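A.B. asks: Data: coords_0.cif, mmCIF, C-alpha atoms and all ligand atoms.
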data_coords
loop_
_atom_site.label_atom_id
_atom_site.label_comp_id
_atom_site.auth_asym_id
_atom_site.auth_seq_id
_atom_site.Cartn_x
_atom_site.Cartn_y
_atom_site.Cartn_z
CA MET W 30 62.71 -34.46 -176.39
CA ALA W 31 61.43 -37.67 -174.86
CA ALA W 32 58.70 -37.63 -172.23
CA GLY W 33 60.05 -37.84 -168.67
CA SER W 34 58.00 -40.97 -167.90
CA ASP W 35 59.52 -42.82 -170.88
CA LEU W 36 62.99 -41.97 -169.64
CA GLY W 37 62.15 -43.11 -166.12
CA ILE W 38 60.94 -46.49 -167.39
CA LEU W 39 63.94 -46.86 -169.64
CA LYS W 40 66.43 -46.00 -166.90
CA GLU W 41 64.93 -48.77 -164.79
CA LYS W 42 65.08 -51.26 -167.68
CA VAL W 43 68.71 -50.37 -168.29
CA ALA W 44 69.59 -50.77 -164.63
CA LYS W 45 67.91 -54.19 -164.52
CA ALA W 46 69.21 -55.50 -167.85
CA ARG W 47 70.96 -58.83 -167.51
CA SER W 48 72.54 -58.56 -170.93
CA LEU W 49 72.75 -55.21 -172.71
CA THR W 50 73.65 -54.78 -176.37
CA ILE W 51 74.04 -51.35 -177.98
CA LEU W 52 74.11 -50.54 -181.69
CA THR W 53 75.38 -47.12 -182.72
CA GLY W 54 75.58 -45.19 -185.97
CA ALA W 55 76.76 -41.83 -187.25
CA GLY W 56 74.22 -39.92 -185.13
CA ILE W 57 76.19 -40.50 -181.93
CA SER W 58 79.29 -38.97 -183.49
CA ALA W 59 77.27 -36.11 -184.99
CA ASP W 60 77.24 -34.67 -181.47
CA SER W 61 81.05 -34.63 -181.60
CA GLY W 62 80.92 -32.73 -184.90
CA VAL W 63 81.52 -35.67 -187.26
CA PRO W 64 79.18 -35.30 -190.28
CA THR W 65 76.64 -38.09 -190.76
CA PHE W 66 76.52 -39.98 -194.04
CA ARG W 67 73.03 -39.13 -195.14
CA GLY W 68 72.69 -35.70 -193.57
CA ALA W 69 73.02 -32.47 -195.55
CA ASP W 70 76.68 -32.20 -194.48
CA GLY W 71 77.53 -35.71 -195.69
CA LEU W 72 78.85 -34.60 -199.08
CA TRP W 73 82.52 -34.17 -200.02
CA ARG W 74 83.10 -32.01 -203.09
CA THR W 75 80.15 -33.31 -205.14
CA PHE W 76 80.42 -36.93 -204.03
CA ARG W 77 78.15 -38.95 -201.80
CA ALA W 78 79.67 -41.59 -199.50
CA GLU W 79 77.92 -44.28 -201.56
CA ASP W 80 79.91 -43.17 -204.63
CA LEU W 81 83.31 -43.34 -202.93
CA ALA W 82 83.08 -46.08 -200.33
CA THR W 83 83.04 -48.94 -202.83
CA PRO W 84 85.65 -51.38 -204.11
CA GLU W 85 84.79 -50.23 -207.66
CA ALA W 86 85.51 -46.57 -206.83
CA PHE W 87 88.86 -47.58 -205.32
CA GLU W 88 89.76 -49.68 -208.33
CA ARG W 89 88.78 -46.88 -210.71
CA ASP W 90 90.44 -44.03 -208.85
CA PRO W 91 92.34 -44.96 -205.65
CA ARG W 92 93.81 -41.46 -205.48
CA LEU W 93 90.35 -39.85 -205.26
CA VAL W 94 89.21 -42.33 -202.61
CA TRP W 95 92.37 -41.75 -200.54
CA GLU W 96 91.90 -37.96 -200.86
CA TRP W 97 88.42 -38.38 -199.44
CA TYR W 98 89.73 -40.52 -196.57
CA ASN W 99 92.47 -37.99 -195.89
CA TRP W 100 89.81 -35.29 -195.65
CA ARG W 101 87.78 -37.45 -193.24
CA ARG W 102 90.84 -38.40 -191.17
CA GLU W 103 91.80 -34.74 -190.87
CA LEU W 104 88.29 -33.85 -189.77
CA ILE W 105 87.86 -36.73 -187.31
CA ALA W 106 91.28 -36.11 -185.74
CA THR W 107 89.95 -32.82 -184.36
CA LYS W 108 86.89 -34.47 -182.73
CA ASN W 109 86.50 -35.94 -179.27
CA PRO W 110 84.08 -38.38 -177.66
CA ASN W 111 80.95 -36.69 -176.29
CA PRO W 112 78.78 -37.46 -173.21
CA ALA W 113 76.91 -40.20 -175.14
CA HIS W 114 80.15 -42.10 -175.86
CA GLU W 115 81.14 -41.64 -172.23
CA ALA W 116 77.78 -42.87 -170.90
CA ILE W 117 78.19 -46.04 -172.98
CA VAL W 118 81.55 -46.69 -171.31
CA GLU W 119 79.81 -46.40 -167.95
CA LEU W 120 77.05 -48.81 -169.08
CA GLU W 121 79.76 -51.30 -170.09
CA ARG W 122 81.27 -50.95 -166.63
CA ARG W 123 77.92 -51.45 -164.86
CA CYS W 124 76.41 -54.27 -166.90
CA GLN W 125 77.66 -57.80 -166.41
CA GLU W 126 76.99 -58.91 -169.97
CA PHE W 127 77.57 -56.12 -172.44
CA TRP W 128 78.43 -55.70 -176.11
CA LEU W 129 78.67 -52.57 -178.25
CA ILE W 130 78.22 -52.86 -182.00
CA THR W 131 79.16 -49.74 -183.90
CA GLN W 132 78.91 -48.91 -187.57
CA ASN W 133 81.15 -45.92 -186.99
CA VAL W 134 84.70 -46.03 -188.26
CA ASP W 135 85.85 -42.87 -186.46
CA GLY W 136 87.31 -44.67 -183.44
CA LEU W 137 85.49 -42.40 -180.96
CA HIS W 138 84.08 -45.33 -178.95
CA PRO W 139 87.50 -46.87 -178.20
CA ALA W 140 88.84 -43.33 -177.65
CA ALA W 141 86.18 -42.86 -174.95
CA GLY W 142 87.24 -46.13 -173.31
CA SER W 143 84.85 -48.76 -174.72
CA THR W 144 86.53 -52.16 -174.81
CA LYS W 145 83.75 -54.69 -175.43
CA LEU W 146 82.94 -53.67 -178.99
CA SER W 147 82.79 -54.70 -182.63
CA GLU W 148 83.59 -51.97 -185.14
CA ILE W 149 81.68 -53.79 -187.85
CA HIS W 150 82.52 -51.33 -190.65
CA GLY W 151 86.19 -51.12 -189.71
CA ASN W 152 88.27 -48.22 -188.43
CA ILE W 153 89.52 -45.19 -190.33
CA TRP W 154 92.81 -45.29 -188.40
CA LYS W 155 93.70 -48.71 -189.81
CA VAL W 156 94.97 -49.64 -193.27
CA ARG W 157 95.00 -52.99 -195.03
CA CYS W 158 97.33 -54.21 -197.75
CA THR W 159 95.56 -55.13 -201.00
CA GLY W 160 98.40 -57.60 -201.64
CA CYS W 161 99.31 -59.47 -198.46
CA GLY W 162 96.25 -58.49 -196.41
CA VAL W 163 98.22 -57.27 -193.37
CA ILE W 164 96.25 -54.80 -191.24
CA SER W 165 98.07 -52.05 -189.37
CA GLU W 166 97.30 -48.91 -187.42
CA ASN W 167 98.10 -45.70 -189.29
CA LEU W 168 97.57 -42.27 -187.73
CA GLU W 169 99.29 -40.20 -190.43
CA ILE W 170 97.51 -37.04 -191.57
CA PRO W 171 97.57 -36.79 -194.47
CA ILE W 172 98.52 -40.27 -195.58
CA PRO W 173 100.97 -39.86 -198.48
CA ILE W 174 99.03 -40.76 -201.62
CA LEU W 175 99.29 -43.46 -202.86
CA PRO W 176 100.35 -45.39 -199.74
CA THR W 177 102.06 -48.75 -200.19
CA CYS W 178 102.75 -51.73 -197.95
CA GLN W 179 106.15 -51.75 -196.24
CA LEU W 180 106.25 -55.54 -196.50
CA CYS W 181 105.16 -56.30 -200.08
CA HIS W 182 104.88 -52.81 -201.65
CA ALA W 183 101.30 -53.39 -202.87
CA LEU W 184 98.71 -50.60 -202.56
CA LEU W 185 97.23 -49.98 -199.11
CA ARG W 186 93.50 -49.38 -198.69
CA PRO W 187 91.49 -48.12 -195.73
CA HIS W 188 90.50 -50.97 -193.38
CA ILE W 189 86.84 -50.20 -193.94
CA VAL W 190 83.98 -52.41 -195.04
CA TRP W 191 82.73 -50.71 -198.19
CA PHE W 192 79.32 -50.95 -199.87
CA GLY W 193 79.06 -54.30 -201.59
CA GLU W 194 81.61 -55.95 -199.26
CA SER W 195 80.84 -58.48 -196.55
CA LEU W 196 81.39 -57.98 -192.87
CA ARG W 197 84.16 -60.04 -191.28
CA GLU W 198 82.97 -63.48 -190.19
CA GLU W 199 84.27 -62.95 -186.66
CA ASP W 200 82.30 -59.68 -186.28
CA LEU W 201 79.12 -61.23 -187.64
CA ARG W 202 79.43 -64.15 -185.23
CA ARG W 203 80.07 -61.89 -182.22
CA CYS W 204 77.17 -59.55 -183.12
CA ASP W 205 74.80 -62.45 -183.59
CA GLU W 206 75.80 -63.82 -180.19
CA ALA W 207 75.27 -60.44 -178.51
CA LEU W 208 71.90 -59.89 -180.22
CA ARG W 209 70.60 -63.34 -179.33
CA ALA W 210 71.80 -63.10 -175.73
CA CYS W 211 70.54 -59.61 -174.88
CA ASP W 212 67.38 -58.71 -173.02
CA LEU W 213 67.79 -55.05 -173.95
CA LEU W 214 68.98 -53.59 -177.24
CA LEU W 215 69.62 -49.85 -177.49
CA ILE W 216 69.87 -48.46 -181.02
CA ILE W 217 71.45 -45.02 -181.09
CA GLY W 218 71.80 -42.61 -184.02
CA THR W 219 71.48 -44.87 -187.02
CA SER W 220 69.20 -44.37 -190.00
CA GLY W 221 68.52 -48.10 -189.99
CA ILE W 222 68.77 -48.58 -193.73
CA VAL W 223 72.18 -50.22 -194.18
CA TYR W 224 72.29 -54.00 -193.72
CA PRO W 225 73.15 -56.10 -191.84
CA ALA W 226 72.83 -53.61 -188.95
CA ALA W 227 69.37 -52.61 -190.20
CA GLY W 228 68.23 -56.16 -189.41
CA PHE W 229 69.62 -56.28 -185.86
CA ALA W 230 66.44 -54.90 -184.23
CA SER W 231 64.44 -57.78 -185.72
CA VAL W 232 66.92 -60.37 -184.45
CA ALA W 233 66.74 -58.98 -180.90
CA LYS W 234 62.93 -58.69 -181.03
CA HIS W 235 62.75 -62.27 -182.22
CA VAL W 236 64.50 -63.51 -179.07
CA GLY W 237 62.21 -61.39 -176.88
CA ALA W 238 64.53 -58.48 -176.07
CA LEU W 239 63.21 -55.02 -175.39
CA VAL W 240 64.38 -52.75 -178.21
CA ILE W 241 64.75 -49.00 -177.71
CA GLU W 242 65.76 -46.44 -180.31
CA ILE W 243 67.32 -43.04 -179.67
CA ASN W 244 67.41 -40.79 -182.72
CA LEU W 245 66.85 -37.18 -183.71
CA GLU W 246 64.01 -38.29 -185.94
CA SER W 247 61.89 -41.34 -186.70
CA THR W 248 63.47 -44.08 -188.83
CA PRO W 249 62.26 -47.17 -190.72
CA GLN W 250 62.90 -49.05 -187.43
CA SER W 251 60.70 -46.80 -185.29
CA ASP W 252 57.53 -48.83 -185.79
CA LEU W 253 59.30 -52.07 -184.96
CA VAL W 254 60.96 -51.01 -181.70
CA ASP W 255 59.28 -50.95 -178.28
CA LEU W 256 60.14 -47.34 -177.56
CA SER W 257 61.47 -44.60 -179.81
CA LEU W 258 63.00 -41.61 -178.05
CA GLN W 259 63.59 -38.50 -180.14
CA GLY W 260 66.43 -36.18 -179.26
CA ARG W 261 70.17 -35.79 -179.38
CA ALA W 262 72.27 -38.75 -178.33
CA LYS W 263 74.50 -36.56 -176.17
CA ASP W 264 71.46 -35.36 -174.19
CA LEU W 265 69.51 -38.61 -173.93
CA VAL W 266 72.09 -41.38 -173.48
CA PRO W 267 73.58 -39.92 -170.24
CA LEU W 268 70.02 -39.82 -168.81
CA LEU W 269 69.95 -43.62 -168.91
CA LEU W 270 72.55 -43.88 -166.16
N1 LIG B 1 71.57 -37.77 -181.97
C1 LIG B 1 70.89 -38.88 -182.36
N2 LIG B 1 70.68 -39.21 -183.65
C2 LIG B 1 71.17 -38.39 -184.58
C3 LIG B 1 71.90 -37.21 -184.27
C4 LIG B 1 72.08 -36.90 -182.89
N3 LIG B 1 72.75 -35.82 -182.51
N4 LIG B 1 72.26 -36.60 -185.43
C5 LIG B 1 71.80 -37.38 -186.43
N5 LIG B 1 71.14 -38.46 -185.93
C6 LIG B 1 70.55 -39.57 -186.66
C7 LIG B 1 69.88 -39.20 -187.97
O1 LIG B 1 68.53 -38.87 -187.75
C8 LIG B 1 70.03 -40.51 -188.77
O2 LIG B 1 68.93 -41.37 -188.53
O3 LIG B 1 71.61 -40.43 -187.01
C9 LIG B 1 71.29 -41.15 -188.19
C10 LIG B 1 72.49 -41.11 -189.10
O4 LIG B 1 72.23 -41.87 -190.24
P1 LIG B 1 73.32 -42.17 -191.36
O5 LIG B 1 73.99 -40.90 -191.76
O6 LIG B 1 72.63 -42.96 -192.41
O7 LIG B 1 74.40 -43.04 -190.58
P2 LIG B 1 74.42 -44.60 -190.23
O8 LIG B 1 73.05 -45.10 -189.93
O9 LIG B 1 75.48 -44.79 -189.20
O10 LIG B 1 74.92 -45.21 -191.60
C11 LIG B 1 75.16 -46.58 -191.66
O11 LIG B 1 76.05 -46.44 -193.86
O12 LIG B 1 77.26 -44.94 -195.15
C12 LIG B 1 77.29 -46.18 -194.53
O13 LIG B 1 79.05 -47.44 -193.66
C13 LIG B 1 78.40 -46.22 -193.50
O14 LIG B 1 78.35 -46.91 -191.22
C14 LIG B 1 77.64 -46.19 -192.20
C15 LIG B 1 76.32 -46.87 -192.56
#
In C-alpha cells, how does this file's structure come out?
Ligand code: APR
C.D. replies:
Amino acid sequence: MAAGSDLGILKEKVAKARSLTILTGAGISADSGVPTFRGADGLWRTFRAEDLATPEAFERDPRLVWEWYNWRRELIATKNPNPAHEAIVELERRCQEFWLITQNVDGLHPAAGSTKLSEIHGNIWKVRCTGCGVISENLEIPIPILPTCQLCHALLRPHIVWFGESLREEDLRRCDEALRACDLLLIIGTSGIVYPAAGFASVAKHVGALVIEINLESTPQSDLVDLSLQGRAKDLVPLLL
C-alpha cells in the first residue's frame, strides 16, 4: 500500500492537472476478475497469449484462435467495471483536457462510461472481415466457428491488434497528441513491456509531464517514473479523486 503522504501529493497533482492522460493495462481489469496476460492465470489450455494472439497462429489454425477468443468472451461477459474504472470516468468528467489510452480489449472502460479513449489493441466485442475489412460489433457468445462476413463471406477475425501487427495510424496519432499535451500521465496496471505503450512514459517525461505508476508490483518503468505506488488499482485509483 502506498504511503499516505504520497497519495496526498498525488491527489493534489491530479486535481491541478491541466491535461491528464491515463494509460491502463490488464491490471485494472484484474480487479474485475479478468485474468492478466502474464500472470499465473493467463494460460488457456497449455497456450500463452503470445502463442495465440498472432496473425501466424490465426493463419495456421483459425479454429483454435476463435475457440480461445470464445473462451475469453464468455469469461469477460460475466465481468463488470470496478471502482478503478469508475474513478477514471469521474477524472474524465473533472479534467478539462483528458485522454485515456487502454491496452485492454475487454471493453470495461466504455462499459463504465469512459468516452475520451483509444482502445489501442482493439476490442474483443468487435470483428473484422479478412476480405473486405469491414468492422462490426458482435456480442455473440459463443461466436459460431468459423464466422464469416455477411457481405463478402470471407473469414472474420477478432478486431484485435495482435503481436507483430501495427497499431492503427489514427490511434497512434491520438495517443501521441495526448502524451505530448499532458502535464500528468497516470500508468495503471501494465507490465510495461509491450511496445508502443511501454514507450509512452518516456514520451511524457520528455515533454516534462509528471509520470505516476500504479501497480501491484514494480515494473521496468518504475525507475523512470516520478512516483510508483504499489497496490491494487481498485483501492488506489479511487483515492485520487
Ligand atoms: N492492480 C494493479 N496492477 C495490477 C493488478 C491490480 N489489481 N493486478 C495485476 N497488476 C499488474 C501486474 O503487476 C502487471 O504489471 O498488471 C500488470 C499486468 O501485466 P500484463 O499481464 O503484461 O498486461 P498488460 O501490461 O496490459 O499487457 C500488455 O500485452 O499480451 C499483450 O495485447 C496484450 O494488451 C496486452 C499487452
A.B. asks: List as a list in words the protein and nucleic acid residues near W:Lys42, meaning an atom at most 12 Å away when only C-alpha atoms are counted, but skip any in the same chain fewer than 5 places from it.
C.D. replies: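 The neighbour list is Asp35, Leu36, Gly37, Arg47, Ser48, Leu49, Cys124, Asp212, Leu213, Leu214, Leu215, Ala238, Leu239, Val240, Ile241, Leu256, Leu269 and Leu270 of chain W.
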A.B. asks: Restricting it to C-alpha atoms, dump the selection as an mmCIF file, in the coordinates of the input.
C.D. replies:
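Final output, selection_28.cif:
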data_model
loop_
_atom_site.group_PDB
_atom_site.id
_atom_site.type_symbol
_atom_site.label_atom_id
_atom_site.label_comp_id
_atom_site.auth_asym_id
_atom_site.auth_seq_id
_atom_site.Cartn_x
_atom_site.Cartn_y
_atom_site.Cartn_z
ATOM 1 C CA ASP W 35 59.520 -42.820 -170.880
ATOM 2 C CA LEU W 36 62.990 -41.970 -169.640
ATOM 3 C CA GLY W 37 62.150 -43.110 -166.120
ATOM 4 C CA ARG W 47 70.960 -58.830 -167.510
ATOM 5 C CA SER W 48 72.540 -58.560 -170.930
ATOM 6 C CA LEU W 49 72.750 -55.210 -172.710
ATOM 7 C CA CYS W 124 76.410 -54.270 -166.900
ATOM 8 C CA ASP W 212 67.380 -58.710 -173.020
ATOM 9 C CA LEU W 213 67.790 -55.050 -173.950
ATOM 10 C CA LEU W 214 68.980 -53.590 -177.240
ATOM 11 C CA LEU W 215 69.620 -49.850 -177.490
ATOM 12 C CA ALA W 238 64.530 -58.480 -176.070
ATOM 13 C CA LEU W 239 63.210 -55.020 -175.390
ATOM 14 C CA VAL W 240 64.380 -52.750 -178.210
ATOM 15 C CA ILE W 241 64.750 -49.000 -177.710
ATOM 16 C CA LEU W 256 60.140 -47.340 -177.560
ATOM 17 C CA LEU W 269 69.950 -43.620 -168.910
ATOM 18 C CA LEU W 270 72.550 -43.880 -166.160
#
A.B. asks: Counting only C-alpha atoms and all ligand atoms, which residues of chain W fall within 7 Å of ligand LIG 1 (chain B), and what is the closest atom pair for each with its distance in Å at one decimal, ordered by chain and rising number, as a tab-separated table?
C.D. replies:
residue	atom	partner	partner_atom	distance
W:Thr53	CA	B:LIG1	O9	6.9
W:Gly54	CA	B:LIG1	O9	3.3
W:Ala55	CA	B:LIG1	O9	3.8
W:Gly56	CA	B:LIG1	O3	3.3
W:Ile57	CA	B:LIG1	N1	5.4
W:Ala59	CA	B:LIG1	N4	5.1
W:Asp60	CA	B:LIG1	N3	4.8
W:Thr65	CA	B:LIG1	O5	4.0
W:Phe66	CA	B:LIG1	O5	3.5
W:Arg67	CA	B:LIG1	O5	3.9
W:Gly68	CA	B:LIG1	O5	5.7
W:Ala78	CA	B:LIG1	O12	6.0
W:Glu79	CA	B:LIG1	O12	6.5
W:Gln132	CA	B:LIG1	O14	4.2
W:Asn133	CA	B:LIG1	O14	5.2
W:His150	CA	B:LIG1	O13	6.0
W:Trp191	CA	B:LIG1	O13	6.7
W:Ile217	CA	B:LIG1	C1	6.3
W:Gly218	CA	B:LIG1	N2	3.6
W:Thr219	CA	B:LIG1	O8	3.3
W:Ser220	CA	B:LIG1	O2	3.4
W:Gly221	CA	B:LIG1	O8	5.4
W:Ile222	CA	B:LIG1	O8	6.7
W:Val223	CA	B:LIG1	C11	5.3
W:Ile243	CA	B:LIG1	C1	6.1
W:Asn244	CA	B:LIG1	N2	3.7
W:Leu245	CA	B:LIG1	N2	4.3
W:Glu246	CA	B:LIG1	O1	4.9
W:Thr248	CA	B:LIG1	O2	6.1
W:Gly260	CA	B:LIG1	N1	6.0
W:Arg261	CA	B:LIG1	N1	3.5
W:Ala262	CA	B:LIG1	N1	3.8
W:Lys263	CA	B:LIG1	N1	6.6
A.B. asks: Quick one: pull the distance between atom CA of W:Arg202 and atom CA of W:Glu85, Å, one decimal.
C.D. replies: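 Taking atom CA of W:Arg202 as the start and atom CA of W:Glu85 as the end point, the length is 26.9 Å.
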A.B. asks: Just how far from atom CA of W:Ser58 is atom CA of W:Gln259, in Å to one decimal?
C.D. replies: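 According to the coordinates, atom CA of W:Gln259 and atom CA of W:Ser58 are separated by 16.1 Å.
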A.B. asks: Mind pulling up the distance from atom CA of W:Ile216 to atom CA of W:Leu81?
C.D. replies: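 Between atom CA of W:Leu81 and atom CA of W:Ile216 the gap is 26.2 Å.
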A.B. asks: Considering all atoms listed in the file, can you say which of W:Pro84, W:Gly193, W:Pro112, W:Pro91 comes closest to W:Ser61?
C.D. replies: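 Smallest separation from W:Ser61 among the options: W:Pro112.
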A.B. asks: For W:Gly160, which of W:Thr144, W:Gln179, W:Ser34, W:Asn99 is the closest residue, counting all atoms listed in the file?
C.D. replies: W:Gln179
A.B. asks: Show me the residues close to (102.4, -41.8, -198.3) - anything with an atom within 12 Å, counting all atoms listed in the file - and format the list as a PyMOL selection string.
C.D. replies: chain W and resi 92+95-96+99+156+167-179+182+184-186
A.B. asks: Find, counting all atoms listed in the file, the residue in W:Val134, W:Ile51, W:Val236, W:Leu104 that gets nearest to W:Ile149.
C.D. replies: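 Nearest to W:Ile149: W:Val134.
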A.B. asks: Please provide as a VMD selection string all residues within 10 Å of W:Trp73, with the sequence filter that same-chain residues fewer than 6 positions apart are discarded (counting only C-alpha atoms).
C.D. replies: chain W and resid 81 97 100 to 101
